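Novice: Below is the file coords28.txt, with compact mmCIF, C-alpha atoms.
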```
# COMPACT_ATOMS: atom_id res chain seq x y z
CA MET X 5 -22.04 22.99 -21.47
CA THR X 6 -21.97 23.44 -17.71
CA ASP X 7 -21.60 21.27 -14.63
CA ALA X 8 -24.50 18.94 -13.81
CA LEU X 9 -25.95 19.27 -17.31
CA GLU X 10 -27.40 16.01 -18.58
CA VAL X 11 -25.73 14.79 -21.76
CA ARG X 12 -25.85 11.74 -23.98
CA VAL X 13 -22.85 10.19 -25.72
CA LYS X 14 -23.61 10.00 -29.42
CA PRO X 15 -24.02 6.37 -30.50
CA MET X 16 -21.59 6.76 -33.41
CA MET X 17 -19.52 3.76 -34.43
CA LEU X 18 -16.69 5.32 -36.43
CA PRO X 19 -13.51 3.58 -37.57
CA GLY X 20 -10.07 4.82 -36.51
CA HIS X 21 -8.43 6.16 -33.35
CA ILE X 22 -11.24 7.19 -30.99
CA ARG X 23 -11.06 8.01 -27.28
CA THR X 24 -14.76 7.44 -26.57
CA PRO X 25 -15.13 3.88 -25.26
CA ALA X 26 -17.82 1.80 -26.97
CA TYR X 27 -19.44 0.81 -23.67
CA LEU X 28 -20.43 4.46 -23.07
CA ARG X 29 -21.86 5.22 -26.50
CA GLY X 30 -25.56 6.01 -26.38
CA LYS X 31 -25.43 6.37 -22.57
CA THR X 32 -26.64 9.38 -20.62
CA GLY X 33 -24.69 11.02 -17.81
CA VAL X 34 -24.07 14.40 -16.24
CA ILE X 35 -21.13 16.76 -16.72
CA GLU X 36 -18.89 16.36 -13.67
CA ARG X 37 -16.55 19.18 -14.72
CA ALA X 38 -15.27 20.94 -17.80
CA LEU X 39 -11.56 20.39 -18.52
CA GLY X 40 -11.00 23.00 -21.21
CA PRO X 41 -9.88 22.70 -24.83
CA PHE X 42 -7.55 19.94 -26.01
CA ALA X 43 -6.17 18.95 -29.40
CA ASN X 44 -8.53 16.42 -30.98
CA PRO X 45 -6.80 13.01 -30.69
CA GLU X 46 -8.83 11.69 -33.63
CA GLN X 47 -6.79 14.03 -35.85
CA LEU X 48 -3.52 13.98 -33.86
CA ALA X 49 -3.33 10.20 -34.27
CA TYR X 50 -3.00 10.60 -38.04
CA GLY X 51 -0.55 13.50 -38.08
CA LEU X 52 -3.30 15.94 -39.08
CA LYS X 53 -3.45 19.49 -37.76
CA PRO X 54 -5.79 19.04 -34.79
CA GLU X 55 -8.78 21.21 -33.97
CA GLN X 56 -9.22 22.30 -30.36
CA LYS X 57 -12.13 20.43 -28.79
CA LYS X 58 -13.63 21.01 -25.36
CA LEU X 59 -13.20 18.04 -23.07
CA TYR X 60 -15.62 17.13 -20.28
CA ARG X 61 -15.66 14.66 -17.45
CA VAL X 62 -19.03 12.92 -17.64
CA ARG X 63 -20.41 10.85 -14.76
CA PHE X 64 -22.58 7.81 -15.53
CA THR X 65 -24.37 5.56 -13.05
CA MET X 66 -23.74 1.82 -13.16
CA ALA X 67 -27.53 1.42 -13.58
CA GLU X 68 -27.40 3.49 -16.79
CA ILE X 69 -24.49 1.49 -18.23
CA TRP X 70 -25.20 -2.06 -17.09
CA GLY X 71 -28.92 -1.98 -16.24
CA ALA X 72 -30.09 -4.76 -13.94
CA ALA X 73 -26.66 -6.42 -14.12
CA ALA X 74 -25.05 -3.57 -12.14
CA GLU X 75 -23.46 -4.65 -8.84
CA ASN X 76 -24.73 -1.45 -7.23
CA PRO X 77 -26.89 0.84 -9.39
CA ASP X 78 -25.66 4.01 -7.67
CA ASP X 79 -21.92 3.40 -8.16
CA THR X 80 -20.54 5.54 -10.96
CA ILE X 81 -18.09 5.68 -13.84
CA ASP X 82 -16.51 8.98 -14.82
CA ALA X 83 -14.90 9.31 -18.25
CA GLU X 84 -13.46 12.13 -20.33
CA ILE X 85 -15.53 12.75 -23.46
CA TYR X 86 -14.91 15.37 -26.18
CA GLU X 87 -17.66 17.86 -27.00
CA HIS X 88 -18.30 16.52 -30.50
CA TRP X 89 -19.36 13.19 -28.95
CA LEU X 90 -21.92 14.79 -26.62
CA GLU X 91 -25.45 16.03 -27.12
CA LYS X 92 -27.74 17.70 -24.61
CA VAL X 93 -30.60 15.54 -23.41
CA MET G 28 1.45 -34.03 -14.99
CA PRO G 29 2.92 -35.23 -18.29
CA HIS G 30 6.17 -33.55 -19.25
CA ASP G 31 5.48 -33.42 -22.96
CA HIS G 32 5.17 -29.66 -23.14
CA ASP G 33 8.07 -27.27 -23.55
CA HIS G 34 7.35 -24.78 -20.79
CA PHE G 35 7.46 -24.90 -17.00
CA HIS G 36 9.36 -27.87 -15.57
CA HIS G 37 9.70 -28.24 -11.85
CA GLU G 38 13.44 -28.67 -12.28
CA GLY G 39 13.44 -25.40 -14.27
CA LEU G 40 12.81 -23.22 -11.25
CA SER G 41 15.06 -20.38 -10.21
CA SER G 42 16.44 -20.34 -6.67
CA SER G 43 13.54 -18.07 -5.70
CA GLY G 44 11.06 -20.70 -6.90
CA HIS G 45 9.93 -19.06 -10.14
CA PRO G 46 10.06 -20.67 -13.57
CA TYR G 47 12.84 -19.29 -15.75
CA ARG G 48 11.62 -16.86 -18.35
CA GLN G 49 11.94 -18.17 -21.89
CA ASP G 50 14.71 -16.72 -24.02
CA ASN G 51 13.25 -14.04 -26.26
CA ASP G 52 14.61 -15.48 -29.50
CA THR G 53 11.30 -15.39 -31.35
CA PRO G 54 11.12 -13.11 -34.41
CA LEU G 55 10.55 -9.40 -33.79
CA THR G 56 6.98 -8.20 -34.17
CA TYR G 57 6.06 -5.55 -36.72
CA TRP G 58 5.97 -2.82 -34.06
CA GLN G 59 9.27 -3.89 -32.51
CA GLN G 60 10.88 -3.60 -35.94
CA MET G 61 9.19 -0.22 -36.45
CA GLU G 62 10.50 1.08 -33.11
CA ILE G 63 14.06 0.01 -33.95
CA ALA G 64 13.83 1.53 -37.44
CA VAL G 65 12.53 4.89 -36.18
CA ARG G 66 15.11 4.99 -33.38
CA GLU G 67 17.98 4.24 -35.76
CA ILE G 68 16.86 6.92 -38.24
CA LEU G 69 16.58 9.53 -35.46
CA ILE G 70 20.10 8.66 -34.29
CA GLU G 71 21.52 8.65 -37.85
CA LYS G 72 20.06 12.09 -38.48
CA ASP G 73 21.55 13.44 -35.22
CA ILE G 74 18.10 14.28 -33.85
CA ILE G 75 18.67 12.27 -30.68
CA THR G 76 21.60 10.32 -29.29
CA THR G 77 21.75 6.85 -27.75
CA ALA G 78 22.88 8.53 -24.51
CA GLU G 79 19.74 10.68 -24.47
CA ILE G 80 17.55 7.61 -25.00
CA ALA G 81 19.32 5.76 -22.17
CA ALA G 82 18.99 8.82 -19.91
CA GLN G 83 15.26 9.07 -20.61
CA ILE G 84 14.76 5.38 -19.81
CA GLU G 85 16.72 5.86 -16.58
CA ALA G 86 14.63 8.90 -15.67
CA MET G 87 11.42 6.93 -16.17
CA ASP G 88 12.72 3.95 -14.21
CA ALA G 89 13.74 6.28 -11.36
CA ARG G 90 10.11 7.32 -10.89
CA SER G 91 8.32 5.16 -8.37
CA PRO G 92 5.20 5.08 -6.22
CA ALA G 93 7.34 6.63 -3.46
CA GLN G 94 6.84 10.02 -5.16
CA GLY G 95 3.07 9.62 -5.00
CA ALA G 96 3.30 8.38 -1.42
CA ALA G 97 5.12 11.57 -0.44
CA VAL G 98 2.39 13.65 -2.09
CA VAL G 99 -0.33 11.71 -0.23
CA ALA G 100 1.49 11.94 3.11
CA ARG G 101 1.82 15.69 2.75
CA ALA G 102 -1.88 16.02 1.87
CA TRP G 103 -2.71 14.04 5.04
CA SER G 104 -0.57 16.42 7.12
CA ASP G 105 -1.14 19.82 5.49
CA PRO G 106 -4.76 20.92 4.81
CA ASP G 107 -3.69 23.83 2.59
CA PHE G 108 -1.58 21.49 0.45
CA LYS G 109 -4.49 19.03 0.27
CA ALA G 110 -6.74 21.81 -1.03
CA ARG G 111 -4.17 22.66 -3.71
CA LEU G 112 -3.80 18.94 -4.58
CA LEU G 113 -7.54 18.52 -5.08
CA LYS G 114 -7.64 21.69 -7.19
CA ASP G 115 -4.69 20.76 -9.44
CA ALA G 116 -2.74 17.62 -8.55
CA ALA G 117 -0.08 18.23 -11.19
CA GLU G 118 0.81 21.69 -9.86
CA ALA G 119 0.83 20.37 -6.28
CA SER G 120 3.20 17.54 -7.31
CA ARG G 121 5.51 20.02 -9.06
CA GLU G 122 5.45 22.19 -5.94
CA MET G 123 7.00 19.22 -4.09
CA GLY G 124 9.84 19.18 -6.60
CA PHE G 125 8.79 16.21 -8.70
CA ASP G 126 9.68 16.47 -12.39
CA ILE G 127 6.46 15.20 -13.94
CA GLY G 128 6.80 16.84 -17.34
CA PRO G 129 3.52 17.81 -19.01
CA LEU G 130 1.40 15.47 -16.86
CA LYS G 131 -2.17 16.67 -16.22
CA LEU G 132 -3.27 15.07 -12.98
CA ILE G 133 -6.52 14.93 -11.02
CA ALA G 134 -6.58 13.65 -7.42
CA MET G 135 -9.74 11.90 -6.27
CA GLU G 136 -10.28 11.82 -2.52
CA ASN G 137 -11.53 8.73 -0.70
CA THR G 138 -13.80 9.62 2.20
CA ALA G 139 -15.88 7.75 4.75
CA ASP G 140 -18.56 7.12 2.11
CA THR G 141 -16.70 7.28 -1.23
CA HIS G 142 -14.06 5.01 -2.75
CA ASN G 143 -12.32 5.85 -6.04
CA ILE G 144 -10.64 3.46 -8.50
CA ILE G 145 -8.57 4.28 -11.59
CA VAL G 146 -8.53 2.42 -14.90
CA CYS G 147 -7.84 3.03 -18.57
CA THR G 148 -10.25 0.82 -20.50
CA LEU G 149 -8.88 1.90 -23.90
CA CYS G 150 -5.17 1.25 -23.32
CA SER G 151 -2.89 1.73 -20.30
CA CYS G 152 -3.01 5.43 -19.34
CA TYR G 153 -1.46 5.78 -15.89
CA PRO G 154 0.22 8.67 -14.01
CA ARG G 155 3.65 7.30 -14.99
CA ASN G 156 5.38 10.65 -14.66
CA LEU G 157 4.58 10.62 -10.96
CA LEU G 158 4.19 6.93 -9.97
CA GLY G 159 6.49 5.22 -12.49
CA LEU G 160 5.43 2.33 -14.69
CA PRO G 161 2.07 0.67 -14.03
CA PRO G 162 1.82 -2.87 -12.65
CA ASP G 163 1.33 -5.53 -15.34
CA TRP G 164 -2.20 -6.33 -14.20
CA TYR G 165 -3.27 -2.71 -14.75
CA LYS G 166 -2.76 -3.23 -18.49
CA THR G 167 -4.59 -6.55 -18.77
CA ARG G 168 -7.93 -6.89 -20.53
CA ALA G 169 -9.25 -8.65 -17.42
CA TYR G 170 -8.68 -5.64 -15.13
CA ARG G 171 -9.67 -3.06 -17.74
CA SER G 172 -12.97 -4.74 -18.61
CA ARG G 173 -13.94 -6.04 -15.18
CA VAL G 174 -13.25 -2.97 -13.04
CA VAL G 175 -15.87 -0.96 -14.92
CA SER G 176 -18.53 -3.70 -14.88
CA GLU G 177 -17.90 -5.32 -11.47
CA PRO G 178 -15.58 -3.09 -9.42
CA ARG G 179 -16.74 -4.60 -6.13
CA ALA G 180 -15.83 -8.13 -7.25
CA VAL G 181 -12.42 -6.87 -8.43
CA LEU G 182 -11.87 -5.08 -5.11
CA ARG G 183 -12.72 -8.26 -3.19
CA GLU G 184 -10.00 -10.09 -5.15
CA PHE G 185 -7.59 -7.39 -4.00
CA GLY G 186 -8.75 -8.00 -0.42
CA VAL G 187 -10.91 -4.89 -0.15
CA GLU G 188 -14.51 -5.47 0.93
CA LEU G 189 -16.65 -2.32 0.88
CA PRO G 190 -20.23 -2.03 2.16
CA GLN G 191 -22.99 -1.29 -0.37
CA SER G 192 -23.41 2.06 1.39
CA THR G 193 -19.94 3.11 0.19
CA ARG G 194 -20.22 4.84 -3.18
CA ILE G 195 -17.68 3.46 -5.65
CA ARG G 196 -16.52 5.87 -8.31
CA VAL G 197 -14.55 4.35 -11.18
CA HIS G 198 -12.49 6.81 -13.23
CA ASP G 199 -11.79 5.78 -16.81
CA SER G 200 -8.73 7.71 -18.11
CA THR G 201 -10.09 7.95 -21.64
CA ALA G 202 -8.36 11.11 -22.81
CA ASP G 203 -5.91 13.75 -21.57
CA MET G 204 -6.11 13.56 -17.79
CA ARG G 205 -4.40 11.11 -15.47
CA TYR G 206 -5.63 10.21 -12.00
CA ILE G 207 -4.34 9.45 -8.54
CA VAL G 208 -6.47 8.37 -5.59
CA LEU G 209 -5.94 10.26 -2.36
CA PRO G 210 -6.66 7.45 0.11
CA ALA G 211 -8.26 8.18 3.47
CA ARG G 212 -5.70 8.62 6.26
CA PRO G 213 -5.73 5.51 8.47
CA ALA G 214 -6.96 5.90 12.03
CA GLY G 215 -4.33 5.85 14.75
CA THR G 216 -1.73 7.77 12.75
CA GLU G 217 -2.07 11.10 14.55
CA GLY G 218 1.46 11.03 15.93
CA LEU G 219 3.22 10.11 12.68
CA ASP G 220 5.33 12.52 10.66
CA GLN G 221 5.17 12.73 6.86
CA ASP G 222 7.99 10.22 6.30
CA ALA G 223 6.29 7.66 8.53
CA LEU G 224 2.91 8.34 6.89
CA ALA G 225 4.41 7.88 3.41
CA GLN G 226 5.46 4.35 4.44
CA LEU G 227 1.76 3.50 4.81
CA VAL G 228 0.86 4.60 1.26
CA THR G 229 0.95 1.69 -1.18
CA ARG G 230 0.91 1.90 -4.96
CA ASP G 231 -2.43 0.07 -5.01
CA SER G 232 -3.95 2.54 -2.54
CA MET G 233 -3.20 5.30 -5.07
CA ILE G 234 -4.83 3.28 -7.89
CA GLY G 235 -7.77 2.50 -5.62
CA THR G 236 -7.43 -1.27 -5.68
CA GLY G 237 -6.02 -1.22 -2.17
CA LEU G 238 -6.13 0.66 1.10
CA PRO G 239 -3.18 2.19 2.97
CA ARG G 240 -1.30 0.02 5.45
CA GLN G 241 -2.36 0.16 9.06
CA PRO G 242 0.34 1.66 11.29
CA ASP G 243 0.28 -1.11 13.90
CA LEU G 244 0.47 -4.08 11.51
CA PRO G 245 3.76 -5.52 10.24
CA ARG G 246 4.53 -4.41 6.71
CA GLN G 247 3.64 -7.00 4.04
CA ALA G 248 6.47 -8.31 1.93
CA GLY G 249 6.61 -7.52 -1.73
```
Mind turning this structure into structure tokens?

Specialist:
Amino acid sequence: MTDALEVRVKPMMLPGHIRTPAYLRGKTGVIERALGPFANPEQLAYGLKPEQKKLYRVRFTMAEIWGAAAENPDDTIDAEIYEHWLEKV
Amino acid sequence: MPHDHDHFHHEGLSSSGHPYRQDNDTPLTYWQQMEIAVREILIEKDIITTAEIAAQIEAMDARSPAQGAAVVARAWSDPDFKARLLKDAAEASREMGFDIGPLKLIAMENTADTHNIIVCTLCSCYPRNLLGLPPDWYKTRAYRSRVVSEPRAVLREFGVELPQSTRIRVHDSTADMRYIVLPARPAGTEGLDQDALAQLVTRDSMIGTGLPRQPDLPRQAG
């Protein structure tokens, strides 16, 4: 995945230690930058041998996340999301 | 106000006017017991020593926002350093001699039309290895939930009013990176050296909930 690509956070609701905040699940944003591979915290948290997962900074607009309730629709939230939580739009 | 409750009495104020903190003689929580148990086992097995634990706590307590302020002041004064800071803030901080361990740091620059704010909605991720421990409010559910849904209202409570034309970018530290805001250099500071500039850089200005001090105003207490 490359910069400026449009991606959606998978709307999965899994139990356990997860670094994808619920308020971003199902939301669409664009890749702000790629951060490289990191050990998957969903495995690290349980003492399992972690796979390397690519991590991305994804930029979402307030309009996408909060709809009409946004203070300013064009303000943004950037968050780090692992590749297995992202799908191309 | 009836005095039938067991906390906060006017006569129970310290000489600085704050209520005395309650003695912590409640039972230990599960996680407090777990921490003590793990620590004692590690010491018993000669994996770490009590002196090493005390030294590590001292090293963390010795870190303070002054380190970040020095980084910001240098970025304001040295365009080449600023470019390196924006490329890799951890390497730039190490270059200044700060022992930040394995910290991975991204600096976000405030400009005339962009204002950045840092949060960790999931827990309390903060660039501790550079700035020291986070303020208590940074870890509260109120800050963590509100700054992503109404950052402008939160900023107003911190005394920062930004026009709608300023783009606010909230950065949620959800995974492996930590963040520091590079505030905009205040006007009227052209003649100041790096030490004087660093005095203008507040902790909150590096979180994004505040702006740097103005050079001609008296420094606020606290």

Novice: Show me a table, sorted first by chain and then by increasing residue number, of the residues of chain X having an atom at most 8 Å from chain G, each with its shortest atom pair and the distance in Å to one decimal, counting only C-alpha atoms and written as a Markdown table.

Specialist:
```
| residue | atom | partner | partner_atom | distance |
| --- | --- | --- | --- | --- |
| X:Arg23 | CA | G:Thr201 | CA | 5.7 |
| X:Thr24 | CA | G:Thr201 | CA | 6.8 |
| X:Pro25 | CA | G:Leu149 | CA | 6.7 |
| X:Phe42 | CA | G:Asp203 | CA | 7.8 |
| X:Met66 | CA | G:Ser176 | CA | 7.8 |
| X:Trp70 | CA | G:Ser176 | CA | 7.2 |
| X:Ala74 | CA | G:Ser176 | CA | 7.1 |
| X:Glu75 | CA | G:Glu177 | CA | 6.2 |
| X:Asn76 | CA | G:Gln191 | CA | 7.1 |
| X:Asp78 | CA | G:Arg194 | CA | 7.1 |
| X:Asp79 | CA | G:Ile195 | CA | 4.9 |
| X:Thr80 | CA | G:Arg196 | CA | 4.8 |
| X:Ile81 | CA | G:Val197 | CA | 4.6 |
| X:Asp82 | CA | G:His198 | CA | 4.8 |
| X:Ala83 | CA | G:Asp199 | CA | 4.9 |
| X:Glu84 | CA | G:Thr201 | CA | 5.5 |
| X:Ile85 | CA | G:Ala202 | CA | 7.4 |
```

Novice: Separation of atom CA of Leu182 of chain G and atom CA of Thr236 of chain G, in Å?

Specialist: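 The value is 5.9 Å.
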
Novice: X:Leu90, X:Met17, X:Ala67, X:Ala49: which is nearest Ile35 of chain X, counting all atoms listed in the file?

Specialist: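 For Ile35 of chain X, the nearest of the candidates is X:Leu90.
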
Novice: For a quick check of understanding, using only C-alpha atoms, which of G:Thr138, G:Asn156, G:Thr53, G:Ser151 has the smallest distance to Asp126 of chain G?

Specialist: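 Looking at the shortest contact to Asp126 of chain G, the residue is G:Asn156.
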
Novice: What does the distance from atom CA of Ala119 of chain G to atom CA of Gly40 of chain X come to in Å, to one decimal?

Specialist: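 That distance, rounded to one decimal, is 19.2 Å.
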
Novice: Could you check which residues have any atom within 6 Å of (-7.7, 6.5, -0.1), counting only C-alpha atoms with coordinates taken straight from the file, and then list them as a count of residues only?

Specialist: 6

Novice: Could you jot down the atom CA of Ala86 of chain G to atom CA of Leu158 of chain G separation for me, Å, one decimal place?

Specialist: 12.1 Å

Novice: Just checking: using only C-alpha atoms, which residue out of G:Thr76, G:Gln49, G:Ser42, G:Ser120 ends up closest to Val99 of chain G?

Specialist: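 Using only C-alpha atoms, Val99 of chain G sits closest to G:Ser120.
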
Novice: Counting only C-alpha atoms, which of G:Glu118, G:Asp140, G:Asp231, G:Asp243 gets nearest to Pro190 of chain G?

Specialist: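 Ranking G:Glu118, G:Asp140, G:Asp231, G:Asp243 by distance to Pro190 of chain G, first place goes to G:Asp140.
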
Novice: Within 10 Å of Thr77 of chain G, counting all atoms listed in the file, which residues qualify if same-chain residues fewer than 6 places away don't, as a VMD selection string?

Specialist: chain G and resid 66 to 67 69 to 70 83

Novice: Please provide as number ranges by chain all residues within 9 Å of segment 31-33 of chain X, with the sequence filter that same-chain residues fewer than 2 positions apart are discarded (counting only C-alpha atoms).

Specialist: X: 8-15, 27-29, 35-36, 62-65, 68-69, 82, 93

Novice: Of the candidates X:Gly51, X:Leu59, X:Pro41, X:Glu46, which shows the shortest atom-to-atom distance to Leu18 of chain X, using only C-alpha atoms?

Specialist: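 Once distances to Leu18 of chain X are computed over only C-alpha atoms, the minimum belongs to X:Glu46.
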
Novice: Mind working out the centre and edge lengths of an axis-aligned box for segment 62-69 of chain X, all listed atoms inside, 5 Å added to each side, rounded to one decimal in Å and written as AutoDock Vina command-line options?

Specialist:
```
--center_x -23.3 --center_y 7.2 --center_z -15.6 --size_x 18.5 --size_y 21.5 --size_z 15.2
```

Novice: Give me the residues near Arg37 of chain X as an mmCIF file with C-alpha atoms, keeping the file's coordinate frame, where near means some atom within 7 Å (using all atoms listed in the file) and where sequence neighbours in that chain fewer than 6 positions away do not count.

Specialist:
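Generated file (out_27.cif):
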```cif
data_model
loop_
_atom_site.group_PDB
_atom_site.id
_atom_site.type_symbol
_atom_site.label_atom_id
_atom_site.label_comp_id
_atom_site.auth_asym_id
_atom_site.auth_seq_id
_atom_site.Cartn_x
_atom_site.Cartn_y
_atom_site.Cartn_z
ATOM 1 C CA ASP X 7 -21.600 21.270 -14.630
ATOM 2 C CA TYR X 60 -15.620 17.130 -20.280
ATOM 3 C CA ARG X 61 -15.660 14.660 -17.450
#
```

Novice: At the level of C-alpha atoms, write segment 85-131 of chain G to a file as a tab-separated table (two decimals), in the first residue's frame, please.

Specialist:
```
chain	number	residue	atom	x	y	z
G	85	GLU	CA	15.56	7.80	38.94
G	86	ALA	CA	16.49	7.85	35.25
G	87	MET	CA	12.83	8.13	34.27
G	88	ASP	CA	12.14	10.83	36.86
G	89	ALA	CA	15.17	12.79	35.60
G	90	ARG	CA	13.57	13.12	32.17
G	91	SER	CA	11.50	16.26	31.85
G	92	PRO	CA	9.89	18.49	29.25
G	93	ALA	CA	13.11	20.55	29.35
G	94	GLN	CA	14.69	17.93	27.03
G	95	GLY	CA	11.90	18.40	24.49
G	96	ALA	CA	12.11	22.17	24.88
G	97	ALA	CA	15.80	22.04	23.97
G	98	VAL	CA	14.97	20.00	20.86
G	99	VAL	CA	12.27	22.49	19.82
G	100	ALA	CA	14.51	25.51	20.46
G	101	ARG	CA	17.24	24.02	18.29
G	102	ALA	CA	14.74	23.28	15.51
G	103	TRP	CA	13.62	26.93	15.66
G	104	SER	CA	17.25	28.08	15.33
G	105	ASP	CA	18.79	25.55	12.95
G	106	PRO	CA	16.94	24.75	9.68
G	107	ASP	CA	19.11	21.71	8.93
G	108	PHE	CA	18.37	20.26	12.37
G	109	LYS	CA	14.66	20.98	11.88
G	110	ALA	CA	14.73	19.03	8.62
G	111	ARG	CA	16.37	16.09	10.40
G	112	LEU	CA	13.82	16.35	13.25
G	113	LEU	CA	10.88	16.20	10.86
G	114	LYS	CA	12.47	13.24	9.06
G	115	ASP	CA	13.24	11.23	12.22
G	116	ALA	CA	12.61	12.92	15.56
G	117	ALA	CA	14.15	10.08	17.56
G	118	GLU	CA	17.49	10.26	15.73
G	119	ALA	CA	17.50	14.06	16.01
G	120	SER	CA	16.88	13.82	19.78
G	121	ARG	CA	19.71	11.28	20.14
G	122	GLU	CA	21.97	13.60	18.16
G	123	MET	CA	21.43	16.18	20.94
G	124	GLY	CA	22.68	13.65	23.47
G	125	PHE	CA	19.38	12.60	25.00
G	126	ASP	CA	19.22	8.96	26.10
G	127	ILE	CA	15.77	8.04	24.82
G	128	GLY	CA	16.27	4.28	24.56
G	129	PRO	CA	14.30	2.57	21.79
G	130	LEU	CA	11.80	5.43	21.41
G	131	LYS	CA	10.38	5.87	17.89
```
